[in-house]
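target-v4.tsv (TSV, C-alpha atoms and all ligand atoms)
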```
chain	number	residue	atom	x	y	z
A	1	MET	CA	7.44	-74.69	96.30
A	2	SER	CA	11.06	-74.75	95.20
A	3	ASP	CA	11.80	-74.37	91.52
A	4	THR	CA	14.20	-77.32	91.43
A	5	PHE	CA	14.21	-80.86	92.82
A	6	THR	CA	16.86	-83.56	93.03
A	7	CYS	CA	16.01	-86.87	91.35
A	8	VAL	CA	15.74	-89.67	93.94
A	9	ARG	CA	17.29	-92.14	91.52
A	10	CYS	CA	19.98	-90.45	89.42
A	11	GLY	CA	20.63	-87.34	91.53
A	12	LEU	CA	20.05	-84.89	88.69
A	13	VAL	CA	19.00	-81.43	89.83
A	14	VAL	CA	15.85	-80.80	87.80
A	15	VAL	CA	14.15	-77.47	87.06
A	16	THR	CA	10.53	-78.09	88.04
A	17	LEU	CA	9.06	-76.01	85.24
A	18	ALA	CA	9.09	-77.97	81.97
A	19	PRO	CA	8.97	-76.41	78.48
A	20	GLY	CA	5.38	-75.27	77.94
A	21	ASP	CA	4.99	-74.15	81.57
A	22	ALA	CA	3.92	-77.56	82.90
A	23	ARG	CA	5.22	-78.65	86.32
A	24	ARG	CA	7.37	-81.76	86.23
A	25	ASN	CA	6.66	-84.69	88.49
A	26	HIS	CA	9.44	-86.92	87.18
A	27	CYS	CA	13.09	-86.64	86.21
A	28	PRO	CA	13.48	-85.98	82.46
A	29	SER	CA	16.66	-88.08	82.39
A	30	CYS	CA	15.71	-91.37	84.14
A	31	LEU	CA	11.91	-90.74	84.31
A	32	SER	CA	11.80	-91.62	88.02
A	33	SER	CA	9.36	-89.82	90.27
A	34	ARG	CA	8.73	-89.54	93.98
A	35	HIS	CA	5.61	-90.72	95.78
A	36	THR	CA	4.30	-87.52	97.38
A	37	ILE	CA	0.61	-87.61	96.32
A	38	ASP	CA	-1.92	-90.19	97.47
A	39	HIS	CA	-3.33	-91.38	94.15
A	40	VAL	CA	-6.04	-93.53	95.74
A	41	ASP	CA	-7.65	-91.16	98.24
A	42	GLY	CA	-6.14	-87.86	97.04
A	43	GLY	CA	-4.12	-85.38	99.09
A	44	PRO	CA	-0.48	-85.69	100.13
A	45	SER	CA	1.22	-89.05	100.76
A	46	ASP	CA	3.93	-89.58	103.36
A	47	CYS	CA	5.37	-92.58	101.47
A	48	GLU	CA	8.15	-90.63	99.68
A	49	GLY	CA	9.16	-93.85	97.86
A	50	ARG	CA	10.75	-93.85	94.42
A	51	MET	CA	8.25	-94.26	91.61
A	52	ALA	CA	9.64	-96.17	88.63
A	53	PRO	CA	8.27	-95.82	85.07
A	54	LEU	CA	6.21	-98.91	84.25
A	55	SER	CA	4.57	-98.35	80.88
A	56	ILE	CA	3.10	-95.83	78.43
A	57	ALA	CA	-0.59	-94.92	78.31
A	58	VAL	CA	-2.00	-92.98	75.37
A	59	GLN	CA	-4.39	-90.16	76.26
A	60	ARG	CA	-7.49	-89.31	74.24
A	61	ASP	CA	-5.62	-86.46	72.50
A	62	GLY	CA	-2.90	-88.91	71.43
A	63	SER	CA	-0.29	-87.67	73.91
A	64	TRP	CA	1.74	-90.09	76.00
A	65	SER	CA	1.51	-90.47	79.75
A	66	LEU	CA	3.81	-92.48	81.97
A	67	VAL	CA	2.40	-95.10	84.32
A	68	HIS	CA	4.55	-94.94	87.44
A	69	ARG	CA	4.64	-97.51	90.22
A	70	CYS	CA	6.01	-96.85	93.67
A	71	THR	CA	8.89	-99.21	94.45
A	72	ARG	CA	8.02	-98.96	98.15
A	73	CYS	CA	4.22	-99.26	98.43
A	74	ARG	CA	3.29	-100.34	94.84
A	75	GLU	CA	0.81	-97.50	94.32
A	76	LEU	CA	0.27	-96.52	90.68
A	77	ALA	CA	0.16	-93.03	89.18
A	78	LEU	CA	-0.35	-91.53	85.73
A	79	HIS	CA	1.86	-88.59	84.75
A	80	PRO	CA	1.96	-86.69	81.44
A	81	THR	CA	5.28	-86.80	79.61
A	82	ALA	CA	7.30	-83.62	79.07
A	83	PRO	CA	8.71	-82.60	75.66
A	84	ASP	CA	12.29	-83.08	76.90
A	85	ASP	CA	11.78	-86.46	78.62
A	86	ASN	CA	14.41	-89.08	77.76
A	87	GLN	CA	13.18	-90.32	74.37
A	88	LEU	CA	15.20	-93.53	74.45
A	89	ILE	CA	13.63	-94.71	77.72
A	90	LEU	CA	10.17	-93.66	76.53
A	91	MET	CA	10.58	-95.63	73.32
A	92	ARG	CA	11.92	-98.67	75.17
A	93	LEU	CA	8.85	-98.63	77.40
A	94	ALA	CA	6.57	-98.21	74.37
A	95	VAL	CA	7.95	-101.19	72.43
A	96	ARG	CA	8.63	-103.50	75.35
A	97	PRO	CA	5.33	-105.48	75.31
A	98	LEU	CA	5.66	-106.09	71.55
A	99	ALA	CA	9.35	-106.92	71.78
A	100	GLU	CA	8.54	-109.64	74.31
A	101	PRO	CA	5.08	-110.95	73.42
A	102	PRO	CA	3.76	-113.75	75.66
A	103	PHE	CA	2.31	-115.48	72.57
A	104	PRO	CA	3.47	-115.60	68.93
A	105	LEU	CA	2.34	-112.48	67.07
A	106	ASP	CA	2.40	-114.15	63.64
A	107	VAL	CA	-1.19	-115.29	64.18
A	108	PHE	CA	-2.13	-111.70	63.39
A	109	SER	CA	-0.28	-111.57	60.08
A	110	THR	CA	-3.42	-112.63	58.23
A	111	LEU	CA	-5.63	-109.99	59.83
B	1	MET	CA	0.26	-136.85	90.54
B	2	PRO	CA	-0.22	-139.12	87.49
B	3	ARG	CA	-1.94	-137.50	84.57
B	4	ARG	CA	-5.36	-138.92	83.90
B	5	ARG	CA	-7.51	-138.25	80.91
B	6	THR	CA	-11.06	-137.26	81.56
B	7	PRO	CA	-13.27	-140.26	80.70
B	8	PRO	CA	-15.47	-139.67	77.67
B	9	GLY	CA	-18.87	-138.31	78.50
B	10	ARG	CA	-17.66	-136.65	81.66
B	11	THR	CA	-16.75	-133.02	81.85
B	12	GLN	CA	-14.34	-131.62	84.39
B	13	ARG	CA	-16.77	-128.97	85.55
B	14	ARG	CA	-20.00	-129.52	87.39
B	15	LYS	CA	-22.99	-129.65	85.09
B	16	ASP	CA	-25.23	-127.87	87.55
B	17	VAL	CA	-23.24	-124.62	87.48
B	18	ARG	CA	-25.74	-121.84	87.83
B	19	HIS	CA	-24.86	-118.89	85.67
B	20	ARG	CA	-26.14	-116.27	88.01
B	21	THR	CA	-25.01	-112.86	86.88
B	22	GLY	CA	-26.46	-110.66	89.59
B	23	ALA	CA	-24.44	-108.83	92.21
B	24	GLY	CA	-22.61	-111.08	94.64
B	25	SER	CA	-22.61	-114.07	92.35
B	26	GLY	CA	-19.67	-116.39	92.84
B	27	ASP	CA	-19.95	-118.16	89.51
B	28	ALA	CA	-20.12	-115.42	86.92
B	29	PHE	CA	-20.34	-111.69	86.45
B	30	ARG	CA	-21.89	-109.41	83.84
B	31	CYS	CA	-19.24	-107.27	82.11
B	32	VAL	CA	-19.76	-103.54	82.72
B	33	GLY	CA	-18.16	-102.82	79.33
B	34	CYS	CA	-19.81	-105.20	76.82
B	35	ARG	CA	-22.49	-106.97	78.96
B	36	LEU	CA	-20.94	-110.39	78.33
B	37	GLY	CA	-21.69	-113.03	80.98
B	38	VAL	CA	-18.24	-114.03	82.24
B	39	PRO	CA	-17.53	-117.13	84.36
B	40	VAL	CA	-15.21	-116.24	87.25
B	41	VAL	CA	-13.02	-119.30	86.73
B	42	ALA	CA	-10.39	-118.54	84.07
B	43	PRO	CA	-7.46	-120.54	82.71
B	44	GLY	CA	-4.14	-119.29	84.01
B	45	THR	CA	-5.64	-116.99	86.67
B	46	ALA	CA	-6.69	-117.73	90.22
B	47	HIS	CA	-9.49	-115.19	90.13
B	48	ARG	CA	-10.69	-113.36	87.05
B	49	ASN	CA	-11.28	-109.66	87.54
B	50	HIS	CA	-11.76	-108.41	83.98
B	51	CYS	CA	-13.77	-109.34	80.90
B	52	PRO	CA	-11.79	-111.63	78.53
B	53	SER	CA	-13.49	-110.03	75.53
B	54	CYS	CA	-13.30	-106.24	76.05
B	55	LEU	CA	-10.86	-106.30	79.06
B	56	ALA	CA	-13.10	-103.98	81.11
B	57	SER	CA	-13.33	-104.39	84.86
B	58	ARG	CA	-15.25	-102.94	87.79
B	59	HIS	CA	-13.73	-100.85	90.57
B	60	VAL	CA	-14.49	-102.89	93.69
B	61	ASP	CA	-11.10	-103.31	95.38
B	62	GLY	CA	-9.42	-100.82	97.69
B	63	ARG	CA	-5.68	-100.72	98.23
B	64	VAL	CA	-5.29	-104.49	98.55
B	65	PRO	CA	-6.21	-106.70	95.56
B	66	GLY	CA	-9.30	-108.76	96.41
B	67	ASP	CA	-10.31	-106.75	99.49
B	68	ARG	CA	-13.50	-105.43	97.78
B	69	ALA	CA	-13.14	-102.36	100.00
B	70	SER	CA	-13.96	-99.65	97.46
B	71	PRO	CA	-17.48	-98.21	97.33
B	72	CYS	CA	-16.79	-96.72	93.85
B	73	GLY	CA	-18.12	-99.45	91.55
B	74	GLY	CA	-16.99	-97.51	88.45
B	75	ARG	CA	-16.12	-99.05	85.10
B	76	MET	CA	-12.40	-99.69	84.71
B	77	VAL	CA	-10.92	-99.70	81.21
B	78	ALA	CA	-7.54	-101.07	80.14
B	79	VAL	CA	-5.29	-98.08	79.37
B	80	SER	CA	-1.85	-99.65	79.11
B	81	LEU	CA	0.13	-102.87	78.91
B	82	SER	CA	3.25	-103.42	80.96
B	83	THR	CA	5.73	-106.28	80.94
B	84	ARG	CA	6.88	-108.03	84.10
B	85	PRO	CA	10.55	-109.00	84.44
B	86	ASP	CA	9.54	-112.61	83.61
B	87	GLY	CA	7.97	-111.40	80.33
B	88	GLU	CA	4.34	-111.79	81.37
B	89	TRP	CA	2.00	-109.03	80.20
B	90	GLN	CA	0.04	-107.04	82.76
B	91	LEU	CA	-2.94	-104.78	82.21
B	92	VAL	CA	-3.09	-101.29	83.68
B	93	HIS	CA	-6.74	-100.47	84.35
B	94	GLN	CA	-8.07	-96.99	85.06
B	95	CYS	CA	-11.43	-96.28	86.68
B	96	THR	CA	-13.58	-94.05	84.45
B	97	ALA	CA	-15.40	-92.75	87.55
B	98	CYS	CA	-12.59	-91.88	89.99
B	99	GLY	CA	-9.40	-92.22	87.94
B	100	VAL	CA	-7.69	-94.79	90.17
B	101	LEU	CA	-5.20	-97.18	88.53
B	102	LYS	CA	-4.86	-100.96	89.04
B	103	LEU	CA	-2.40	-103.53	87.76
B	104	ASN	CA	-3.89	-106.88	86.75
B	105	ARG	CA	-2.50	-110.12	85.38
B	106	VAL	CA	-3.50	-111.11	81.88
B	107	ALA	CA	-5.65	-114.27	81.83
B	108	GLY	CA	-5.00	-117.21	79.51
B	109	ASP	CA	-8.21	-116.64	77.55
B	110	ASP	CA	-8.05	-112.84	77.26
B	111	ASN	CA	-8.85	-111.58	73.76
B	112	ALA	CA	-5.41	-111.61	72.10
B	113	LEU	CA	-6.42	-109.03	69.50
B	114	ALA	CA	-7.60	-106.62	72.20
B	115	LEU	CA	-4.30	-107.10	74.04
B	116	VAL	CA	-2.23	-106.47	70.92
B	117	ARG	CA	-4.32	-103.40	70.07
B	118	LEU	CA	-3.44	-102.03	73.49
B	119	ALA	CA	0.23	-102.91	72.99
B	120	VAL	CA	0.50	-101.08	69.66
B	121	ARG	CA	-1.47	-98.01	70.78
B	122	PRO	CA	1.62	-95.91	71.67
B	123	LEU	CA	3.19	-96.82	68.31
B	124	ALA	CA	0.26	-95.49	66.28
B	125	ASP	CA	1.43	-91.98	67.13
B	126	ARG	CA	3.05	-90.20	64.16
B	127	GLY	CA	6.07	-88.78	65.94
B	128	LEU	CA	7.41	-90.81	68.85
B	129	GLY	CA	5.51	-93.97	67.94
B	130	ARG	CA	7.00	-94.26	64.46
B	131	ARG	CA	10.47	-93.66	65.84
B	132	ALA	CA	9.91	-96.30	68.48
B	133	LEU	CA	8.82	-98.81	65.81
B	134	ARG	CA	12.04	-98.28	63.89
B	135	GLU	CA	13.94	-99.21	67.05
B	136	LEU	CA	12.22	-102.62	67.26
C	1	ZN	ZN	4.68	-95.18	97.78
C	2	ZN	ZN	-13.43	-95.92	90.82
```

Starting from the coordinates I provided, produce the structure as structure tokens.
Ligand SMILES: [Zn+2]
Ligand SMILES: [Zn+2]
Amino acid sequence: MSDTFTCVRCGLVVVTLAPGDARRNHCPSCLSSRHTIDHVDGGPSDCEGRMAPLSIAVQRDGSWSLVHRCTRCRELALHPTAPDDNQLILMRLAVRPLAEPPFPLDVFSTL
Amino acid sequence: MPRRRTPPGRTQRRKDVRHRTGAGSGDAFRCVGCRLGVPVVAPGTAHRNHCPSCLASRHVDGRVPGDRASPCGGRMVAVSLSTRPDGEWQLVHQCTACGVLKLNRVAGDDNALALVRLAVRPLADRGLGRRALREL
């Protein structure tokens, strides 16, 4: 495997090894990924579509993972965040549901 | 179509609805998370696929929603909330048996407190979460 990849969305050349020796699967700048693994049946996928960050999932240890969705085939994937991932985009994703609630949140003010 | 009020003494649903909860029932299902008997018909959703109380679901579909093509049958728990461009909330479910992820619409009678708990989960974190809250 090469030690760099070019982001399919923003074109950034990314060093695959992230701080802490983890292998990156998404661009630390725009958080986009590429659909190369079949997340339903396992093994490689020939889709190659761009996977866009959809939301944040919290792991049991409290760390954040990104939910990615393929813009081509709609498949979903869960990827751990890296320490140098774009904090602004991560935070936007984290607050988005509460910033746009589908019902008024003041009903919870008494709880 | 003109709006008509339901005459008193008559309910809109059939009275002889059988609340079968076994496998293959069309009327209701037994939640794999909290064992609640859940009618399939839900307000604001064509077909309910998760429990309105604990939000758990069962892994029955394959790649296409509604195809019931997966033999897994595992319990799916809500792990994340995402927002559609039109503002509607969507649930991200993950199968506790095989790890597969599914995106599901929120139903009109889903437990609002459970949904909000899921929405605030990333913000409970001391580092990033607190910073994100200040950005709100
Ligand atoms: Zn794809
Ligand atoms: Zn499964």

Using all atoms listed in the file, select each residue of chain A with any atom at most 9 Å away from an atom of chain B, and give the selection as a VMD selection string.
chain A and resid 39 to 41 54 to 59 62 to 64 67 75 to 78 87 to 88 90 to 103 105 108

At a cut-off of 7 Å and counting all atoms listed in the file, what residues surround ligand ZN 2 (chain C)? Please answer as a ChimeraX atom specification.
/B:59,72-74,95-100

For ligand ZN 1 (chain C), return the neighbouring residues as a list of chain:residue names (distance at most 9 Å; only C-alpha atoms and all ligand atoms).
A:Arg34, A:His35, A:Thr36, A:Ile37, A:Asp38, A:Ser45, A:Asp46, A:Cys47, A:Glu48, A:Gly49, A:Arg50, A:Met51, A:Arg69, A:Cys70, A:Thr71, A:Arg72, A:Cys73, A:Arg74, A:Glu75, A:Leu76

CA of Ala46 in chain B to CA of Pro71 in chain B, straight-line distance in Å:
23.4 Å

Please determine an axis-aligned box that encloses all atoms of range 94-102 of chain B listed in the file, with 8 Å added on each side, and express its centre and edge lengths in Å to one decimal as JSON.
```
{"center_x": -10.1, "center_y": -96.4, "center_z": 87.3, "size_x": 26.5, "size_y": 25.1, "size_z": 21.7}
```

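Taking CA of Asp110 in chain B and CA of Ala28 in chain B as endpoints, the distance between them is 15.7 Å.
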
Please indicate the distance in Å from CA of Val8 in chain A to CA of Ile89 in chain A, rounded to one decimal place.
17.1 Å

Long-range neighbours of Ala107 in chain B as a PyMOL selection string, 9 Å cut-off, all atoms listed in the file, 2 positions minimum in chain:
chain B and resi 42-45+48+50+52+105+109-110

With a cut-off of 12 Å, could you pull out the residues of range 50-82 of chain B touching range 35-39 of chain B and give me the nearest pair of atoms for each, distance in Å to one decimal, using all atoms listed in the file, ordered by chain and ascending number, as a tab-separated table?
```
residue	atom	partner	partner_atom	distance
B:His50	CA	B:Val38	CA	8.8
B:Cys51	CA	B:Val38	CA	6.6
B:Pro52	CA	B:Val38	CA	7.8
B:Ser53	CA	B:Leu36	CA	8.0
B:Cys54	CA	B:Leu36	CA	9.0
B:Leu55	CA	B:Leu36	CA	10.9
B:Ala56	CA	B:Arg35	CA	10.1
B:Ser57	CA	B:Val38	CA	11.1
B:Arg75	CA	B:Arg35	CA	11.9
```

Set the distance at 10 Å and use only C-alpha atoms: which residues neighbour Thr6 in chain A once local chain neighbours fewer than 5 positions away are removed? I'd like the list as a ChimeraX atom specification.
/A:11-16,27
